[in-house]
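*Asks:* First the structure, then my questions, so here it is.
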Amino acid sequence: MPGPALLDRRLLIVTGKGGVGKSTVAAALALVAARRGKRVLVAEVNTQERIAPLLGAPPSGFEPGQVSPGVFTIDVTPRESMREYGLMTLKFRAIYDAVFENRMVRFFLRAIPSLSELVMLGKILYEVRREERGRPRWDLVVLDAPATGHAVQLLRVPQVLLDTVPPGPLRRDAQWMRDLLVDPALTAMAMVTLPEEMPVAEVIDLDAAVRGVLGIHRAALVVNAMPDERFSRAQRERLAALGGEPAPLGPAARAGRLQALRAEAAGRHLAHARAALDLPTLVVPLLARDAWDRAAVEAVADGLEGSV
Amino acid sequence: MGAVVEALAGKRIAVCVGSGGVGKTTVAAALGLTRALSGGRVLVCTIDPARRLATSLGLASLGNLETRVPEAKFTEAGLAPRGELWAMMLDVKRTWDDVVAHHARDEAQRDRIYGNRLYQQLSSALAGSQEYMAMEKLYQLSTERDYDLIVLDTPPTAHALDFLDAPDRILDFLGNDTARTLLAPAIGAGKMGLRLFQLGGSYVAKGLARFTGAQVLADLGDFMSGFQGMYEGFKERAAAVRALLARPEVGFVLVSSASPRSVDEALFFHERLRTESIPVAGVVANRVTPELWDGVPLPDAGTLDRALAARGPPDPGLAERLASTLAEHEVLARADAREVGRLFAGVTAGQVVVPRLETDVHDLAALARLGASL
């Protein structure tokens, strides 16, 4: 792999289709980094907070809150980001309040295309660069990015502004943000998918968009919930014939057959993704869990620990 | 006939909603196909640019224009439709252009908006734009075309509410009078370049310009003035769309997987639709792990091996793997059953459970089978 290892960069962006387990993977990667003594911030973007509850902690809101030793979370919202950014730009709270707490001005903050994405991304990248007593405040920032389309929309904002906005404060900020995002020594992206047809098709499209539009270094493909191949061909054939037997054999054979079919299809989709993407692939095994809680995330982290 | 298809029998519009990754597009296509098979002209309008839907319908690609699914494709799948199936994919930018052209006073006004830098980003950058245009397109199709059923597959929004709120938010943007007042000096300055003093020396405007750069405000001023006189038309249209959604000929279909998050969103959305008096025709619990074992305790490896021995050679390794496979399967099946129970307790419309398909749906025959279960 060119450049530093996945968790040794400063910003790791985790994205993929909705419902593929992005947040779980982001949380698990943060746990792995923390186990290695890193101080990690996991950022979620304008959503119902999931990471903190997943790790058994109360939601953090807009201030980084510690949810586990070495792991902090933050939920980045447009309104709070705008306020913080505005205060930084305008220097004085009185001016900020006069300008930004003005009812009229609220309108503009929504009206200027991409501004809310810009300030949210700005907040996250500000945390990446942030220093305390001469050293970075965070060893690693993990961005639990929105689902594919929205992630591309968020991450391309600096480039869009560079292309469309004349020189000025907005453009200046867009410039450093873009530079940080496309620096492979600092930033990498992990793309998460399930070993299923639609998510794989979408991650292949995402990969093309990342290469063509975003220019962010793609460091890994994470294939989540991968069923194992546990039955031989002969056993699979035997199971197919036993499905109609009375209990307990019939139901057990049907469960076995479903597992085998699922594993076979998953293997095909995994191979397709690997062939299409040519990226280091991390495979997270399918875990039979009753609920997704901290123990489940720890189990995913255990599985990932050896390969990142 | 499944409960959802039955609930949609008298409807002219079906809108599929749900969080991302729950199989909404496939459900929409299956519902459309099922109606087309029993007779009637049906249009499926999708937002999802997945080529697979086009392929499974036998079309090279889907675009902003309605395309009919060829007869040969049905024959190939062993189906004999009594009606017609049409499909299209929403092109957000083109729909915006159509809307602007429709409401513009003349070509000059239209072209001024088309040429504005902010407008060019609007379709992709303004939050809710996709949702707004989906509603707009639905209205156009339902009033200007002669379909017996239109099935709309909604955008995979992270926040389901975007779908209902986006038009209002965007209208608020287009019709903001105070913004016009603030920008009045900028309006007309256009691309001539705007200096700060042109903002009338307003303290607020100056502060804002310091934040965004003055040119951005000038572009915005130009954009706002370009829209002058069109706002009323937009507003009437949005009100008409909202009224359309509450009509009895419309049925929303909630699609959810068995994941707690997707069920939460479906329930949340259901509550919101109820508040808005928008009729919900059905709820689909999709990709649910089927329960195979209702008794306790689960069989152990020894029991299974004896059963195997009665039906051929014993295979202790197989018996052990089957015991753990069934146990794991039941953990997943019970977790799914619990979530489906929660979903159905909250939504009283036509309820259907679709078991997880072990082979993916990628042709008309498979879509038809899915449709039959809906």
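Residue numbering restarts at 1 in every chain; chains get A, B, ... in the order shown in the structure tokens, and ligands count up from 1 in that same order.
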For A:Met82, find every residue with an atom within 8 Å (counting only C-alpha atoms), except residues of its own chain fewer than 6 positions away, and show them as a list in words.
*Replies:* Ser116, Val119 and Met120 of chain A
*Asks:* Mind writing the picked residues with N, CA and C atoms as a compact mmCIF listing (two decimals), in the first residue's frame?
*Replies:*
# COMPACT_ATOMS: atom_id res chain seq x y z
N SER A 116 -23.54 25.18 3.60
CA SER A 116 -23.66 24.39 4.82
C SER A 116 -22.72 23.18 4.77
N VAL A 119 -19.16 24.56 5.59
CA VAL A 119 -18.83 24.83 6.99
C VAL A 119 -18.75 23.54 7.81
N MET A 120 -19.56 22.55 7.46
CA MET A 120 -19.48 21.29 8.19
C MET A 120 -18.15 20.58 7.90
*Asks:* DSSP on the backbone, strand (DSSP E) only: what residues of stretch 50-132 of chain B does that give? Format it as a VMD selection string.
*Replies:* chain B and resid 67 to 68 84 to 89
*Asks:* Would you export the selected residues with N, CA and C atoms as a PDB file, in the first residue's frame, please?
*Replies:*
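Below you can see part_32.pdb, which holds the result:
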ATOM      1  N   THR B  67     -39.872   5.435 -21.267  1.00  0.00           N
ATOM      2  CA  THR B  67     -39.560   4.419 -22.264  1.00  0.00           C
ATOM      3  C   THR B  67     -40.398   3.178 -21.973  1.00  0.00           C
ATOM      4  N   ARG B  68     -40.938   2.585 -23.011  1.00  0.00           N
ATOM      5  CA  ARG B  68     -41.775   1.414 -22.788  1.00  0.00           C
ATOM      6  C   ARG B  68     -40.929   0.153 -22.727  1.00  0.00           C
ATOM      7  N   GLU B  84     -49.408  -2.116 -20.175  1.00  0.00           N
ATOM      8  CA  GLU B  84     -48.098  -1.650 -20.637  1.00  0.00           C
ATOM      9  C   GLU B  84     -47.269  -1.199 -19.445  1.00  0.00           C
ATOM     10  N   LEU B  85     -45.969  -1.447 -19.515  1.00  0.00           N
ATOM     11  CA  LEU B  85     -45.076  -0.961 -18.471  1.00  0.00           C
ATOM     12  C   LEU B  85     -44.093   0.029 -19.078  1.00  0.00           C
ATOM     13  N   TRP B  86     -44.049   1.209 -18.485  1.00  0.00           N
ATOM     14  CA  TRP B  86     -43.123   2.245 -18.910  1.00  0.00           C
ATOM     15  C   TRP B  86     -42.199   2.586 -17.745  1.00  0.00           C
ATOM     16  N   ALA B  87     -41.009   3.063 -18.058  1.00  0.00           N
ATOM     17  CA  ALA B  87     -40.085   3.426 -16.987  1.00  0.00           C
ATOM     18  C   ALA B  87     -39.308   4.672 -17.367  1.00  0.00           C
ATOM     19  N   MET B  88     -38.888   5.411 -16.357  1.00  0.00           N
ATOM     20  CA  MET B  88     -38.033   6.579 -16.593  1.00  0.00           C
ATOM     21  C   MET B  88     -37.211   6.867 -15.344  1.00  0.00           C
ATOM     22  N   MET B  89     -36.147   7.638 -15.529  1.00  0.00           N
ATOM     23  CA  MET B  89     -35.363   8.074 -14.382  1.00  0.00           C
ATOM     24  C   MET B  89     -35.401   9.598 -14.303  1.00  0.00           C
TER      25      MET B  89
END
*Asks:* Set the distance at 10 Å and use only C-alpha atoms: which residues neighbour A:Ala252 once local chain neighbours fewer than 5 positions away are removed? I'd like the list as number ranges by chain.
*Replies:* A: 239, 242-243, 245-247, 257-258; B: 292-293, 298-299, 304, 319, 321-327, 329
*Asks:* According to DSSP computed on the backbone, where in stretch 54-117 of chain B is there helix (DSSP H, G or I)? Give the residues as a ChimeraX atom specification.
*Replies:* /B:54-56,71-76,92-103,107-115,117
*Asks:* So which one's closest to chain B, A:Leu194, A:Leu6, A:Val42, A:Ala185? Using only C-alpha atoms, please.
*Replies:*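 Of A:Leu194, A:Leu6, A:Val42, A:Ala185, the one nearest chain B is A:Leu194, counting only C-alpha atoms.
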*Asks:* Contacts of A:Leu121 at 9 Å or less, counting only C-alpha atoms, minus same-chain residues fewer than 6 places along, as a PyMOL selection string?
*Replies:* chain A and resi 45+76+81+154-155+157-158+177
*Asks:* How about saving the chosen residues, N, CA and C atoms kept, as a JSON list (two decimals), in the first residue's frame?
*Replies:*
[["chain", "number", "residue", "atom", "x", "y", "z"],
["A", 45, "VAL", "N", -22.00, 13.46, 10.52],
["A", 45, "VAL", "CA", -22.41, 14.68, 9.85],
["A", 45, "VAL", "C", -23.92, 14.84, 9.85],
["A", 76, "VAL", "N", -21.55, 16.84, 13.79],
["A", 76, "VAL", "CA", -21.34, 18.13, 13.14],
["A", 76, "VAL", "C", -22.62, 18.58, 12.44],
["A", 81, "SER", "N", -21.81, 24.63, 13.07],
["A", 81, "SER", "CA", -20.59, 24.83, 12.29],
["A", 81, "SER", "C", -20.53, 26.25, 11.77],
["A", 154, "LEU", "N", -20.75, 16.25, -0.36],
["A", 154, "LEU", "CA", -20.07, 16.93, 0.74],
["A", 154, "LEU", "C", -18.59, 17.14, 0.43],
["A", 155, "LEU", "N", -17.94, 16.09, -0.06],
["A", 155, "LEU", "CA", -16.48, 16.13, -0.19],
["A", 155, "LEU", "C", -16.03, 16.90, -1.43],
["A", 157, "VAL", "N", -17.33, 19.76, -2.32],
["A", 157, "VAL", "CA", -17.64, 21.18, -2.15],
["A", 157, "VAL", "C", -16.41, 22.09, -2.29],
["A", 158, "PRO", "N", -15.27, 21.76, -1.66],
["A", 158, "PRO", "CA", -14.11, 22.66, -1.85],
["A", 158, "PRO", "C", -13.75, 22.83, -3.32],
["A", 177, "MET", "N", -8.81, 23.38, 2.33],
["A", 177, "MET", "CA", -9.59, 22.17, 2.57],
["A", 177, "MET", "C", -9.36, 21.15, 1.45]]
*Asks:* So, with only C-alpha atoms as the atoms that count, which of B:Leu364, B:Ser373, B:Thr34, B:Gln109 lies closest to B:Glu76?
*Replies:*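 For B:Glu76, the nearest of the candidates is B:Leu364.
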*Asks:* So, counting only C-alpha atoms, which residue among A:Glu298, A:Glu197, A:Glu237, A:Glu84 is closest to chain B?
*Replies:*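 Of A:Glu298, A:Glu197, A:Glu237, A:Glu84, the one nearest chain B, counting only C-alpha atoms, is A:Glu197.
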*Asks:* Measuring atom to atom with only C-alpha atoms, identify which of B:Ile113, B:Ala134, B:Val255, B:Ala335 is nearest to B:Phe223.
*Replies:*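 Distance minimum relative to B:Phe223 lands on B:Ile113.
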*Asks:* Looking at A:Val165, A:Ala266, A:Gln48, A:Ala241, which one is nearest to B:Glu265, with distances taken over only C-alpha atoms?
*Replies:*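 Ranking A:Val165, A:Ala266, A:Gln48, A:Ala241 by distance to B:Glu265, first place goes to A:Gln48.
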*Asks:* Using only C-alpha atoms, which residues sit within 8 Å of B:Val353 once same-chain residues fewer than 4 positions away are excluded, as a compact mmCIF listing (two decimals) with N, CA and C atoms, in the first residue's frame?
*Replies:*
# COMPACT_ATOMS: atom_id res chain seq x y z
N VAL B 284 -44.05 -2.67 3.60
CA VAL B 284 -43.32 -3.86 3.17
C VAL B 284 -42.10 -4.05 4.07
N ALA B 285 -42.07 -5.17 4.78
CA ALA B 285 -40.86 -5.54 5.53
C ALA B 285 -40.03 -6.39 4.58
N ASN B 286 -38.95 -5.84 4.09
CA ASN B 286 -38.20 -6.47 3.00
C ASN B 286 -36.96 -7.19 3.53
N VAL B 288 -36.38 -10.09 5.00
CA VAL B 288 -36.48 -10.58 6.37
C VAL B 288 -35.99 -12.03 6.42
*Asks:* Go through B:Val241, B:Leu53, B:Val15, B:Val352 one by one, measure the shortest atom-to-atom distance of each to chain A using only C-alpha atoms, and give the residue with the smallest value.
*Replies:*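 Answer, going by the shortest atom-to-atom distance: B:Leu53.
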*Asks:* Residues at most 6 Å from A:Ala225, counting only C-alpha atoms, excluding those fewer than 4 positions away in the same chain, as a VMD selection string?
*Replies:* chain A and resid 284 to 286
*Asks:* Find the spatial neighbours of A:Ala174, counting only C-alpha atoms, within a cut-off of 12 Å - ignore same-chain residues fewer than 3 positions away - and output them as a CSV table (one decimal) with C-alpha atoms, in the first residue's frame.
*Replies:*
chain,number,residue,atom,x,y,z
A,114,SER,CA,-22.9,24.3,-0.7
A,115,LEU,CA,-22.3,26.7,2.2
A,117,GLU,CA,-21.6,21.5,3.5
A,118,LEU,CA,-18.6,23.8,3.4
A,119,VAL,CA,-18.8,24.8,7.0
A,121,LEU,CA,-16.5,19.9,6.3
A,122,GLY,CA,-14.6,23.0,7.4
A,125,LEU,CA,-11.0,19.5,8.7
A,155,LEU,CA,-16.5,16.1,-0.2
A,156,ARG,CA,-16.5,17.9,-3.6
A,157,VAL,CA,-17.6,21.2,-2.1
A,158,PRO,CA,-14.1,22.7,-1.8
A,159,GLN,CA,-13.4,21.9,-5.5
A,160,VAL,CA,-16.8,23.2,-6.6
A,161,LEU,CA,-16.1,26.5,-4.9
A,162,LEU,CA,-12.6,26.6,-6.3
A,163,ASP,CA,-14.2,26.2,-9.8
A,164,THR,CA,-17.0,28.7,-9.3
A,165,VAL,CA,-16.2,31.3,-6.6
A,166,PRO,CA,-14.0,34.3,-7.3
A,167,PRO,CA,-11.1,35.1,-5.0
A,168,GLY,CA,-12.2,35.9,-1.5
A,169,PRO,CA,-12.6,34.4,2.0
A,170,LEU,CA,-14.7,31.4,0.8
A,171,ARG,CA,-12.2,30.5,-1.9
A,177,MET,CA,-9.6,22.2,2.6
A,178,ARG,CA,-9.1,20.7,-0.9
A,179,ASP,CA,-5.4,20.5,-0.4
A,180,LEU,CA,-5.8,18.5,2.8
A,181,LEU,CA,-8.4,16.2,1.3
B,212,THR,CA,-18.9,35.1,1.7
